Amino acid sequence: MANKTSLFLVLTAMMLQFTFSYQVTAQEQVSKVVDDVYRYGDPNLGYFSMFIITNDGVIVIDPMNTTHSQGLLKAIQKITKQPIRYLLHSHNHWDHAKGGQIFREQGAKIVAHKEAAQWMQKNPHGDLVMPDEIWSGKRKEIELGDKKIELHYFGINHGLGMTAFLLPKEKVAYIADIVTPKRMPFSIADFNIKELMRTLDELEQLDFTKAVFSHSYAKEAVGGKSDLADTKTFFIDLQQAIFTEFKKGTTFYQMPNTLKLPQYQQWAFYNEWLPINTWNMMFQVEMGSFPWRVESNSIEEKSKQ
């Protein structure tokens with residue numbers, strides 16, 4: 001019991017330290033992607049939202065937390081007098097989904113995929129508000145003024161209800177978590193690597209030329225499909241390096257501290273998170289893909305035949 005209490009206190013202290021450091025070091029920036037489409041965030045923290053200005057209001061994607069959302073709202077109001085009409089959630093994780101009350105107070109309708117909303121309901125947080133509109137299936141479209149945005153759900157990959165957003169006319173996408181340019185993936189946080197690779201293939205089929213990523217340490221504010229390719233290549237290289245080390249005689253437990261991928265050493269958190277990615281890849285090679293859930297009753301139907 002004492003060990004559990006100590007762990008809780010340590011985690012709480014880490015969370016408070018992160019919150020405090022955000023308030024102290026925040027250096028928010030606004031970057032124009034194309035006309036009426038902007039990226040907002042703090043490059044030091046690597047968290048970025050996107051907002052779209054239409055002739056009938058503003059659409060915001062990912063509130064992150066109250067501090068981030070307050071800065072985001074101020075940034076929007078410096079650019080336009082249009083009201084906030086929508087706040088769209090990319091997925092369920094608290095570090096993306098908090099702070100929605102700031103936009104609800106502005107009259108925004110909060111929208112999330114069913115899987116994200118179900119998780120939010122069962123995992124409440126003091127800085128989290130439930131969505132007003134819950135959608136299901138693989139695709140939804142929202143039209144506001146002169147803009148249309150497509151919401152794409154690709155199934156299992158990372159988190160719950162993970163949604164990618166596409167402005168088809170502007171050919172701009174917003175992608176959360178599953179691609180992190182110039183930064184190690186934090187892949188132990190419920191990434192299903194097999195399904196992630198499938199999702200990246202399907203994302204590449206969308207018609208966009210520019211992308212905003214929720215986490216990026218690239219020098220350029222705006223990325224593109226090459227960042228998706230870099231992510232796929234990283235996981236392929238990681239798996240091949242693991243197999244190579246096993247052939248050398250490196251044991252399972254030696255692997256995370258032995259394996260190196262020098263071609264990625266300039267990526268942020270290379271030293272800290274490469275071992276985490278190695279553990280996760282080894283677990284999924286050894287145990288099979290996870291997390292997993294049945295998305296239909298096909299097995300049950302077959303068993304009744």
# chains A, B, ... in the order shown; residues from 1 in each chain; ligands from 1

$ residues_around --residues "segment 187-202 of chain A" --least-positions-apart "3" --cutoff "7 Å" --atoms "only C-alpha atoms" --output "list in words"
Phe154, Ile156, Asn157, His158, Gly159, Gln205, Leu228, Lys232, Ile276, Asn277, Asn280, Ser289, Phe290 and Pro291 of chain A

$ residues_around --residues "segment 123-135 of chain A" --least-positions-apart "6" --cutoff "7 Å" --atoms "only C-alpha atoms" --output "list in words"
Asn65, Thr66, Ala97, Lys98, Gly99, Gly100, Gln101, Lys109, Ile110, Val111, Ala112, His113, Lys114 and Ala117 of chain A

$ write_last_selection --atoms "N, CA and C atoms" --output "short mmCIF file (atom, residue, chain, number, x, y, z; two decimals), in the first residue's frame"
data_model
loop_
_atom_site.label_atom_id
_atom_site.label_comp_id
_atom_site.auth_asym_id
_atom_site.auth_seq_id
_atom_site.Cartn_x
_atom_site.Cartn_y
_atom_site.Cartn_z
N ASN A 65 -5.92 21.83 -23.02
CA ASN A 65 -6.21 22.09 -21.61
C ASN A 65 -6.64 23.55 -21.48
N THR A 66 -7.04 23.95 -20.29
CA THR A 66 -7.58 25.30 -20.12
C THR A 66 -6.56 26.38 -20.45
N ALA A 97 -7.96 16.52 -24.81
CA ALA A 97 -9.41 16.72 -24.69
C ALA A 97 -9.82 17.71 -23.61
N LYS A 98 -8.87 18.13 -22.76
CA LYS A 98 -9.23 19.06 -21.69
C LYS A 98 -9.39 20.49 -22.24
N GLY A 99 -9.99 21.34 -21.42
CA GLY A 99 -10.07 22.76 -21.77
C GLY A 99 -11.28 23.17 -22.60
N GLY A 100 -12.19 22.25 -22.86
CA GLY A 100 -13.32 22.55 -23.73
C GLY A 100 -14.28 23.59 -23.19
N GLN A 101 -14.32 23.76 -21.87
CA GLN A 101 -15.24 24.72 -21.28
C GLN A 101 -14.99 26.14 -21.79
N LYS A 109 -20.24 24.40 -30.30
CA LYS A 109 -20.73 23.04 -30.19
C LYS A 109 -19.52 22.11 -30.16
N ILE A 110 -19.43 21.26 -29.14
CA ILE A 110 -18.29 20.36 -28.98
C ILE A 110 -18.63 19.02 -29.59
N VAL A 111 -17.75 18.53 -30.45
CA VAL A 111 -18.02 17.33 -31.24
C VAL A 111 -16.92 16.30 -31.02
N ALA A 112 -17.30 15.04 -30.81
CA ALA A 112 -16.32 13.96 -30.65
C ALA A 112 -16.89 12.66 -31.21
N HIS A 113 -16.00 11.76 -31.60
CA HIS A 113 -16.43 10.43 -32.05
C HIS A 113 -17.00 9.66 -30.86
N LYS A 114 -17.91 8.74 -31.16
CA LYS A 114 -18.59 7.95 -30.13
C LYS A 114 -17.61 7.25 -29.20
N ALA A 117 -16.11 9.73 -26.82
CA ALA A 117 -17.12 10.23 -25.87
C ALA A 117 -17.43 9.20 -24.80
#

$ select_by_dssp --residues "segment 76-172 of chain A" --states "alpha helix (DSSP H)" --output "PyMOL selection string"
chain A and resi 76-79+94-97+101-104+114-122

$ select_by_dssp --residues "segment 74-270 of chain A" --states "strand (DSSP E)" --output "ChimeraX atom specification"
/A:84-88,109-113,133-135,139-144,147-153,163-167,172-175,210-213

$ atom_distance --atom1 "atom CA of Pro83 of chain A" --atom2 "atom CA of Val33 of chain A"
20.3 Å

$ atom_distance --atom1 "atom CA of Glu150 of chain A" --atom2 "atom CA of Asp36 of chain A"
16.4 Å

$ residues_around --residues "Met255 of chain A" --least-positions-apart "2" --cutoff "10 Å" --atoms "only C-alpha atoms" --output "PDB file with all heavy atoms, in the first residue's frame"
ATOM      1  N   ALA A 241      15.859  -3.560 -36.706  1.00  0.00           N
ATOM      2  CA  ALA A 241      16.985  -3.463 -35.782  1.00  0.00           C
ATOM      3  C   ALA A 241      16.824  -4.437 -34.619  1.00  0.00           C
ATOM      4  O   ALA A 241      17.804  -5.032 -34.142  1.00  0.00           O
ATOM      5  CB  ALA A 241      17.116  -2.040 -35.268  1.00  0.00           C
ATOM      6  N   ILE A 242      15.596  -4.627 -34.161  1.00  0.00           N
ATOM      7  CA  ILE A 242      15.333  -5.587 -33.088  1.00  0.00           C
ATOM      8  C   ILE A 242      15.681  -7.002 -33.542  1.00  0.00           C
ATOM      9  O   ILE A 242      16.358  -7.758 -32.830  1.00  0.00           O
ATOM     10  CB  ILE A 242      13.860  -5.493 -32.635  1.00  0.00           C
ATOM     11  CG1 ILE A 242      13.639  -4.193 -31.853  1.00  0.00           C
ATOM     12  CG2 ILE A 242      13.471  -6.703 -31.781  1.00  0.00           C
ATOM     13  CD1 ILE A 242      12.188  -3.906 -31.533  1.00  0.00           C
ATOM     14  N   GLU A 245      19.419  -7.454 -33.663  1.00  0.00           N
ATOM     15  CA  GLU A 245      20.006  -7.612 -32.336  1.00  0.00           C
ATOM     16  C   GLU A 245      19.738  -9.000 -31.768  1.00  0.00           C
ATOM     17  O   GLU A 245      20.617  -9.600 -31.127  1.00  0.00           O
ATOM     18  CB  GLU A 245      19.468  -6.540 -31.388  1.00  0.00           C
ATOM     19  CG  GLU A 245      20.016  -5.144 -31.618  1.00  0.00           C
ATOM     20  CD  GLU A 245      21.508  -5.049 -31.349  1.00  0.00           C
ATOM     21  OE1 GLU A 245      22.015  -5.796 -30.477  1.00  0.00           O
ATOM     22  OE2 GLU A 245      22.168  -4.228 -31.999  1.00  0.00           O
ATOM     23  N   PHE A 246      18.545  -9.536 -32.011  1.00  0.00           N
ATOM     24  CA  PHE A 246      18.243 -10.887 -31.530  1.00  0.00           C
ATOM     25  C   PHE A 246      19.187 -11.912 -32.169  1.00  0.00           C
ATOM     26  O   PHE A 246      19.653 -12.845 -31.505  1.00  0.00           O
ATOM     27  CB  PHE A 246      16.798 -11.257 -31.836  1.00  0.00           C
ATOM     28  CG  PHE A 246      15.804 -10.725 -30.837  1.00  0.00           C
ATOM     29  CD1 PHE A 246      14.570 -10.247 -31.250  1.00  0.00           C
ATOM     30  CD2 PHE A 246      16.087 -10.719 -29.473  1.00  0.00           C
ATOM     31  CE1 PHE A 246      13.643  -9.766 -30.330  1.00  0.00           C
ATOM     32  CE2 PHE A 246      15.172 -10.237 -28.547  1.00  0.00           C
ATOM     33  CZ  PHE A 246      13.945  -9.760 -28.980  1.00  0.00           C
ATOM     34  N   GLY A 249      22.383 -12.221 -30.506  1.00  0.00           N
ATOM     35  CA  GLY A 249      22.354 -12.812 -29.175  1.00  0.00           C
ATOM     36  C   GLY A 249      21.906 -11.869 -28.082  1.00  0.00           C
ATOM     37  O   GLY A 249      21.892 -12.231 -26.900  1.00  0.00           O
ATOM     38  N   THR A 250      21.519 -10.637 -28.445  1.00  0.00           N
ATOM     39  CA  THR A 250      20.999  -9.694 -27.455  1.00  0.00           C
ATOM     40  C   THR A 250      19.694 -10.231 -26.889  1.00  0.00           C
ATOM     41  O   THR A 250      18.802 -10.636 -27.637  1.00  0.00           O
ATOM     42  CB  THR A 250      20.759  -8.316 -28.093  1.00  0.00           C
ATOM     43  OG1 THR A 250      21.966  -7.864 -28.699  1.00  0.00           O
ATOM     44  CG2 THR A 250      20.310  -7.306 -27.047  1.00  0.00           C
ATOM     45  N   THR A 251      19.582 -10.257 -25.566  1.00  0.00           N
ATOM     46  CA  THR A 251      18.385 -10.808 -24.957  1.00  0.00           C
ATOM     47  C   THR A 251      17.247  -9.791 -24.948  1.00  0.00           C
ATOM     48  O   THR A 251      17.460  -8.581 -25.150  1.00  0.00           O
ATOM     49  CB  THR A 251      18.648 -11.249 -23.507  1.00  0.00           C
ATOM     50  OG1 THR A 251      18.894 -10.085 -22.696  1.00  0.00           O
ATOM     51  CG2 THR A 251      19.853 -12.183 -23.431  1.00  0.00           C
ATOM     52  N   PHE A 252      16.056 -10.277 -24.657  1.00  0.00           N
ATOM     53  CA  PHE A 252      14.863  -9.441 -24.606  1.00  0.00           C
ATOM     54  C   PHE A 252      15.061  -8.278 -23.642  1.00  0.00           C
ATOM     55  O   PHE A 252      14.715  -7.134 -23.941  1.00  0.00           O
ATOM     56  CB  PHE A 252      13.675 -10.312 -24.170  1.00  0.00           C
ATOM     57  CG  PHE A 252      12.328  -9.673 -24.351  1.00  0.00           C
ATOM     58  CD1 PHE A 252      11.600  -9.842 -25.514  1.00  0.00           C
ATOM     59  CD2 PHE A 252      11.763  -8.898 -23.343  1.00  0.00           C
ATOM     60  CE1 PHE A 252      10.344  -9.266 -25.681  1.00  0.00           C
ATOM     61  CE2 PHE A 252      10.519  -8.317 -23.490  1.00  0.00           C
ATOM     62  CZ  PHE A 252       9.815  -8.500 -24.663  1.00  0.00           C
ATOM     63  N   TYR A 253      15.639  -8.563 -22.475  1.00  0.00           N
ATOM     64  CA  TYR A 253      15.751  -7.544 -21.439  1.00  0.00           C
ATOM     65  C   TYR A 253      16.952  -6.621 -21.650  1.00  0.00           C
ATOM     66  O   TYR A 253      16.993  -5.518 -21.094  1.00  0.00           O
ATOM     67  CB  TYR A 253      15.802  -8.203 -20.058  1.00  0.00           C
ATOM     68  CG  TYR A 253      14.520  -8.939 -19.749  1.00  0.00           C
ATOM     69  CD1 TYR A 253      14.449 -10.320 -19.833  1.00  0.00           C
ATOM     70  CD2 TYR A 253      13.369  -8.234 -19.425  1.00  0.00           C
ATOM     71  CE1 TYR A 253      13.265 -10.990 -19.576  1.00  0.00           C
ATOM     72  CE2 TYR A 253      12.171  -8.888 -19.175  1.00  0.00           C
ATOM     73  CZ  TYR A 253      12.117 -10.270 -19.252  1.00  0.00           C
ATOM     74  OH  TYR A 253      10.938 -10.918 -19.018  1.00  0.00           O
ATOM     75  N   ASN A 257      18.146  -1.123 -23.840  1.00  0.00           N
ATOM     76  CA  ASN A 257      19.328  -0.315 -23.517  1.00  0.00           C
ATOM     77  C   ASN A 257      20.487  -0.562 -24.475  1.00  0.00           C
ATOM     78  O   ASN A 257      21.523   0.108 -24.376  1.00  0.00           O
ATOM     79  CB  ASN A 257      19.776  -0.612 -22.082  1.00  0.00           C
ATOM     80  CG  ASN A 257      18.750  -0.172 -21.060  1.00  0.00           C
ATOM     81  OD1 ASN A 257      18.124   0.875 -21.210  1.00  0.00           O
ATOM     82  ND2 ASN A 257      18.551  -0.982 -20.038  1.00  0.00           N
ATOM     83  N   THR A 258      20.301  -1.507 -25.392  1.00  0.00           N
ATOM     84  CA  THR A 258      21.362  -1.845 -26.344  1.00  0.00           C
ATOM     85  C   THR A 258      21.099  -1.270 -27.723  1.00  0.00           C
ATOM     86  O   THR A 258      21.993  -0.750 -28.386  1.00  0.00           O
ATOM     87  CB  THR A 258      21.511  -3.382 -26.456  1.00  0.00           C
ATOM     88  OG1 THR A 258      21.828  -3.915 -25.169  1.00  0.00           O
ATOM     89  CG2 THR A 258      22.601  -3.764 -27.450  1.00  0.00           C
ATOM     90  N   LEU A 259      19.838  -1.350 -28.158  1.00  0.00           N
ATOM     91  CA  LEU A 259      19.486  -0.971 -29.530  1.00  0.00           C
ATOM     92  C   LEU A 259      19.672   0.535 -29.758  1.00  0.00           C
ATOM     93  O   LEU A 259      19.255   1.351 -28.940  1.00  0.00           O
ATOM     94  CB  LEU A 259      18.049  -1.375 -29.823  1.00  0.00           C
ATOM     95  CG  LEU A 259      17.565  -1.175 -31.270  1.00  0.00           C
ATOM     96  CD1 LEU A 259      16.639  -2.304 -31.677  1.00  0.00           C
ATOM     97  CD2 LEU A 259      16.848   0.160 -31.432  1.00  0.00           C
ATOM     98  N   LYS A 260      20.290   0.861 -30.875  1.00  0.00           N
ATOM     99  CA  LYS A 260      20.471   2.253 -31.281  1.00  0.00           C
ATOM    100  C   LYS A 260      20.028   2.427 -32.729  1.00  0.00           C
ATOM    101  O   LYS A 260      20.197   1.537 -33.555  1.00  0.00           O
ATOM    102  CB  LYS A 260      21.934   2.682 -31.141  1.00  0.00           C
ATOM    103  CG  LYS A 260      22.524   2.494 -29.749  1.00  0.00           C
ATOM    104  CD  LYS A 260      21.826   3.365 -28.714  1.00  0.00           C
ATOM    105  CE  LYS A 260      22.418   3.136 -27.320  1.00  0.00           C
ATOM    106  NZ  LYS A 260      21.660   3.880 -26.278  1.00  0.00           N
ATOM    107  N   PRO A 275      14.091   3.697 -26.002  1.00  0.00           N
ATOM    108  CA  PRO A 275      13.857   2.460 -25.238  1.00  0.00           C
ATOM    109  C   PRO A 275      12.379   2.130 -25.057  1.00  0.00           C
ATOM    110  O   PRO A 275      11.988   0.957 -25.101  1.00  0.00           O
ATOM    111  CB  PRO A 275      14.529   2.755 -23.886  1.00  0.00           C
ATOM    112  CG  PRO A 275      15.567   3.783 -24.193  1.00  0.00           C
ATOM    113  CD  PRO A 275      14.954   4.648 -25.261  1.00  0.00           C
ATOM    114  N   THR A 278      11.164   0.659 -28.213  1.00  0.00           N
ATOM    115  CA  THR A 278      11.731  -0.683 -28.357  1.00  0.00           C
ATOM    116  C   THR A 278      10.950  -1.695 -27.534  1.00  0.00           C
ATOM    117  O   THR A 278      10.604  -2.784 -28.014  1.00  0.00           O
ATOM    118  CB  THR A 278      13.211  -0.681 -27.940  1.00  0.00           C
ATOM    119  OG1 THR A 278      13.920   0.283 -28.722  1.00  0.00           O
ATOM    120  CG2 THR A 278      13.841  -2.054 -28.155  1.00  0.00           C
ATOM    121  N   TRP A 279      10.653  -1.344 -26.279  1.00  0.00           N
ATOM    122  CA  TRP A 279       9.839  -2.231 -25.448  1.00  0.00           C
ATOM    123  C   TRP A 279       8.501  -2.534 -26.127  1.00  0.00           C
ATOM    124  O   TRP A 279       8.081  -3.687 -26.219  1.00  0.00           O
ATOM    125  CB  TRP A 279       9.566  -1.585 -24.085  1.00  0.00           C
ATOM    126  CG  TRP A 279      10.620  -1.751 -23.044  1.00  0.00           C
ATOM    127  CD1 TRP A 279      11.332  -0.753 -22.430  1.00  0.00           C
ATOM    128  CD2 TRP A 279      11.091  -2.974 -22.470  1.00  0.00           C
ATOM    129  NE1 TRP A 279      12.205  -1.281 -21.521  1.00  0.00           N
ATOM    130  CE2 TRP A 279      12.082  -2.636 -21.513  1.00  0.00           C
ATOM    131  CE3 TRP A 279      10.767  -4.314 -22.674  1.00  0.00           C
ATOM    132  CZ2 TRP A 279      12.751  -3.604 -20.761  1.00  0.00           C
ATOM    133  CZ3 TRP A 279      11.437  -5.276 -21.921  1.00  0.00           C
ATOM    134  CH2 TRP A 279      12.419  -4.917 -20.983  1.00  0.00           C
ATOM    135  N   MET A 282       8.811  -4.797 -29.178  1.00  0.00           N
ATOM    136  CA  MET A 282       9.112  -6.177 -28.784  1.00  0.00           C
ATOM    137  C   MET A 282       7.882  -6.866 -28.206  1.00  0.00           C
ATOM    138  O   MET A 282       7.618  -8.035 -28.502  1.00  0.00           O
ATOM    139  CB  MET A 282      10.246  -6.199 -27.756  1.00  0.00           C
ATOM    140  CG  MET A 282      11.606  -5.868 -28.302  1.00  0.00           C
ATOM    141  SD  MET A 282      12.937  -6.342 -27.162  1.00  0.00           S
ATOM    142  CE  MET A 282      12.482  -5.434 -25.686  1.00  0.00           C
TER     143      MET A 282
END

$ closest_atom_pairs --of "segment 172-197 of chain A" --to "segment 48-52 of chain A" --cutoff "10 Å" --atoms "only C-alpha atoms" --output "tab-separated table"
residue	atom	partner	partner_atom	distance
A:Ala173	CA	A:Met50	CA	9.6
A:Tyr174	CA	A:Met50	CA	7.2
A:Ile175	CA	A:Ser49	CA	9.9
A:Ala176	CA	A:Phe48	CA	9.0

$ write_last_selection --atoms "C-alpha atoms" --output "tab-separated table (two decimals), in the first residue's frame"
chain	number	residue	atom	x	y	z
A	173	ALA	CA	-5.12	17.99	-42.89
A	174	TYR	CA	-4.88	17.96	-39.11
A	175	ILE	CA	-3.42	14.78	-37.62
A	176	ALA	CA	-3.03	14.15	-33.89

$ residues_around --residues "Tyr86 of chain A" --least-positions-apart "6" --cutoff "10 Å" --atoms "only C-alpha atoms" --output "VMD selection string"
chain A and resid 51 to 52 57 to 61 103 to 104 106 to 111 142 144

$ atom_distance --atom1 "atom CA of Gly161 of chain A" --atom2 "atom CA of Phe235 of chain A"
22.5 Å

$ residues_around --residues "Phe234 of chain A" --least-positions-apart "6" --cutoff "12 Å" --atoms "only C-alpha atoms" --output "PyMOL selection string"
chain A and resi 179-185+187+193+197+227-228+240-241+261-265+267+270+274+277-278+281

$ closest_residue --among "A:Gln121, A:Gln266, A:Gln284, A:Gln254" --to "Ala218 of chain A" --atoms "only C-alpha atoms"
A:Gln266

$ closest_residue --among "A:Asn44, A:Asn92, A:Thr54, A:Thr209" --to "Asp177 of chain A" --atoms "only C-alpha atoms"
A:Asn92

$ closest_residue --among "A:Asn55, A:Thr163, A:Gln29, A:Ser214" --to "Glu143 of chain A" --atoms "only C-alpha atoms"
A:Asn55

$ decode --residues "segment 155-166 of chain A" --atoms "all heavy atoms" --output "PDB file, in the first residue's frame"
ATOM      1  N   GLY A 155     -10.465   3.580 -37.264  1.00  0.00           N
ATOM      2  CA  GLY A 155     -10.486   2.392 -36.421  1.00  0.00           C
ATOM      3  C   GLY A 155      -9.333   2.392 -35.430  1.00  0.00           C
ATOM      4  O   GLY A 155      -8.779   3.426 -35.073  1.00  0.00           O
ATOM      5  N   ILE A 156      -8.949   1.216 -35.000  1.00  0.00           N
ATOM      6  CA  ILE A 156      -7.890   1.061 -34.008  1.00  0.00           C
ATOM      7  C   ILE A 156      -6.579   1.605 -34.546  1.00  0.00           C
ATOM      8  O   ILE A 156      -6.190   1.332 -35.675  1.00  0.00           O
ATOM      9  CB  ILE A 156      -7.707  -0.432 -33.669  1.00  0.00           C
ATOM     10  CG1 ILE A 156      -8.991  -1.027 -33.086  1.00  0.00           C
ATOM     11  CG2 ILE A 156      -6.562  -0.640 -32.677  1.00  0.00           C
ATOM     12  CD1 ILE A 156      -8.962  -2.527 -32.993  1.00  0.00           C
ATOM     13  N   ASN A 157      -5.866   2.356 -33.748  1.00  0.00           N
ATOM     14  CA  ASN A 157      -4.488   2.770 -34.042  1.00  0.00           C
ATOM     15  C   ASN A 157      -3.852   3.358 -32.784  1.00  0.00           C
ATOM     16  O   ASN A 157      -2.826   2.883 -32.331  1.00  0.00           O
ATOM     17  CB  ASN A 157      -4.407   3.750 -35.228  1.00  0.00           C
ATOM     18  CG  ASN A 157      -5.468   4.825 -35.208  1.00  0.00           C
ATOM     19  OD1 ASN A 157      -5.604   5.571 -34.245  1.00  0.00           O
ATOM     20  ND2 ASN A 157      -6.241   4.921 -36.293  1.00  0.00           N
ATOM     21  N   HIS A 158      -4.495   4.366 -32.200  1.00  0.00           N
ATOM     22  CA  HIS A 158      -3.976   5.018 -31.000  1.00  0.00           C
ATOM     23  C   HIS A 158      -5.123   5.737 -30.323  1.00  0.00           C
ATOM     24  O   HIS A 158      -5.879   6.466 -30.969  1.00  0.00           O
ATOM     25  CB  HIS A 158      -2.877   6.017 -31.378  1.00  0.00           C
ATOM     26  CG  HIS A 158      -2.416   6.881 -30.252  1.00  0.00           C
ATOM     27  ND1 HIS A 158      -1.695   6.401 -29.195  1.00  0.00           N
ATOM     28  CD2 HIS A 158      -2.589   8.206 -30.011  1.00  0.00           C
ATOM     29  CE1 HIS A 158      -1.420   7.392 -28.360  1.00  0.00           C
ATOM     30  NE2 HIS A 158      -1.963   8.502 -28.824  1.00  0.00           N
ATOM     31  N   GLY A 159      -5.270   5.535 -29.031  1.00  0.00           N
ATOM     32  CA  GLY A 159      -6.376   6.161 -28.330  1.00  0.00           C
ATOM     33  C   GLY A 159      -7.707   5.587 -28.779  1.00  0.00           C
ATOM     34  O   GLY A 159      -7.781   4.536 -29.412  1.00  0.00           O
ATOM     35  N   LEU A 160      -8.777   6.306 -28.473  1.00  0.00           N
ATOM     36  CA  LEU A 160     -10.120   5.907 -28.868  1.00  0.00           C
ATOM     37  C   LEU A 160     -10.775   7.036 -29.655  1.00  0.00           C
ATOM     38  O   LEU A 160     -10.669   8.203 -29.287  1.00  0.00           O
ATOM     39  CB  LEU A 160     -10.966   5.580 -27.634  1.00  0.00           C
ATOM     40  CG  LEU A 160     -10.522   4.335 -26.847  1.00  0.00           C
ATOM     41  CD1 LEU A 160     -11.281   4.237 -25.530  1.00  0.00           C
ATOM     42  CD2 LEU A 160     -10.718   3.077 -27.677  1.00  0.00           C
ATOM     43  N   GLY A 161     -11.428   6.652 -30.733  1.00  0.00           N
ATOM     44  CA  GLY A 161     -12.106   7.639 -31.572  1.00  0.00           C
ATOM     45  C   GLY A 161     -11.171   8.518 -32.368  1.00  0.00           C
ATOM     46  O   GLY A 161     -11.576   9.602 -32.818  1.00  0.00           O
ATOM     47  N   MET A 162      -9.924   8.077 -32.563  1.00  0.00           N
ATOM     48  CA  MET A 162      -8.931   8.910 -33.244  1.00  0.00           C
ATOM     49  C   MET A 162      -9.453   9.386 -34.597  1.00  0.00           C
ATOM     50  O   MET A 162      -9.748   8.591 -35.487  1.00  0.00           O
ATOM     51  CB  MET A 162      -7.625   8.152 -33.420  1.00  0.00           C
ATOM     52  CG  MET A 162      -6.560   8.911 -34.191  1.00  0.00           C
ATOM     53  SD  MET A 162      -6.079  10.483 -33.433  1.00  0.00           S
ATOM     54  CE  MET A 162      -5.076   9.898 -32.072  1.00  0.00           C
ATOM     55  N   THR A 163      -9.528  10.702 -34.743  1.00  0.00           N
ATOM     56  CA  THR A 163     -10.096  11.329 -35.933  1.00  0.00           C
ATOM     57  C   THR A 163      -9.057  12.209 -36.611  1.00  0.00           C
ATOM     58  O   THR A 163      -8.382  12.997 -35.953  1.00  0.00           O
ATOM     59  CB  THR A 163     -11.315  12.196 -35.542  1.00  0.00           C
ATOM     60  OG1 THR A 163     -12.292  11.373 -34.891  1.00  0.00           O
ATOM     61  CG2 THR A 163     -11.938  12.852 -36.770  1.00  0.00           C
ATOM     62  N   ALA A 164      -8.922  12.045 -37.914  1.00  0.00           N
ATOM     63  CA  ALA A 164      -8.109  12.960 -38.725  1.00  0.00           C
ATOM     64  C   ALA A 164      -9.063  13.904 -39.443  1.00  0.00           C
ATOM     65  O   ALA A 164     -10.193  13.533 -39.782  1.00  0.00           O
ATOM     66  CB  ALA A 164      -7.268  12.187 -39.730  1.00  0.00           C
ATOM     67  N   PHE A 165      -8.625  15.128 -39.675  1.00  0.00           N
ATOM     68  CA  PHE A 165      -9.481  16.161 -40.250  1.00  0.00           C
ATOM     69  C   PHE A 165      -8.909  16.621 -41.584  1.00  0.00           C
ATOM     70  O   PHE A 165      -7.694  16.806 -41.713  1.00  0.00           O
ATOM     71  CB  PHE A 165      -9.587  17.341 -39.288  1.00  0.00           C
ATOM     72  CG  PHE A 165     -10.094  16.953 -37.924  1.00  0.00           C
ATOM     73  CD1 PHE A 165      -9.208  16.549 -36.933  1.00  0.00           C
ATOM     74  CD2 PHE A 165     -11.441  16.966 -37.638  1.00  0.00           C
ATOM     75  CE1 PHE A 165      -9.659  16.182 -35.676  1.00  0.00           C
ATOM     76  CE2 PHE A 165     -11.909  16.596 -36.383  1.00  0.00           C
ATOM     77  CZ  PHE A 165     -11.009  16.201 -35.405  1.00  0.00           C
ATOM     78  N   LEU A 166      -9.802  16.813 -42.541  1.00  0.00           N
ATOM     79  CA  LEU A 166      -9.375  17.221 -43.878  1.00  0.00           C
ATOM     80  C   LEU A 166     -10.244  18.361 -44.383  1.00  0.00           C
ATOM     81  O   LEU A 166     -11.478  18.286 -44.359  1.00  0.00           O
ATOM     82  CB  LEU A 166      -9.474  16.042 -44.850  1.00  0.00           C
ATOM     83  CG  LEU A 166      -9.166  16.353 -46.323  1.00  0.00           C
ATOM     84  CD1 LEU A 166      -7.684  16.705 -46.500  1.00  0.00           C
ATOM     85  CD2 LEU A 166      -9.550  15.186 -47.217  1.00  0.00           C
TER      86      LEU A 166
END
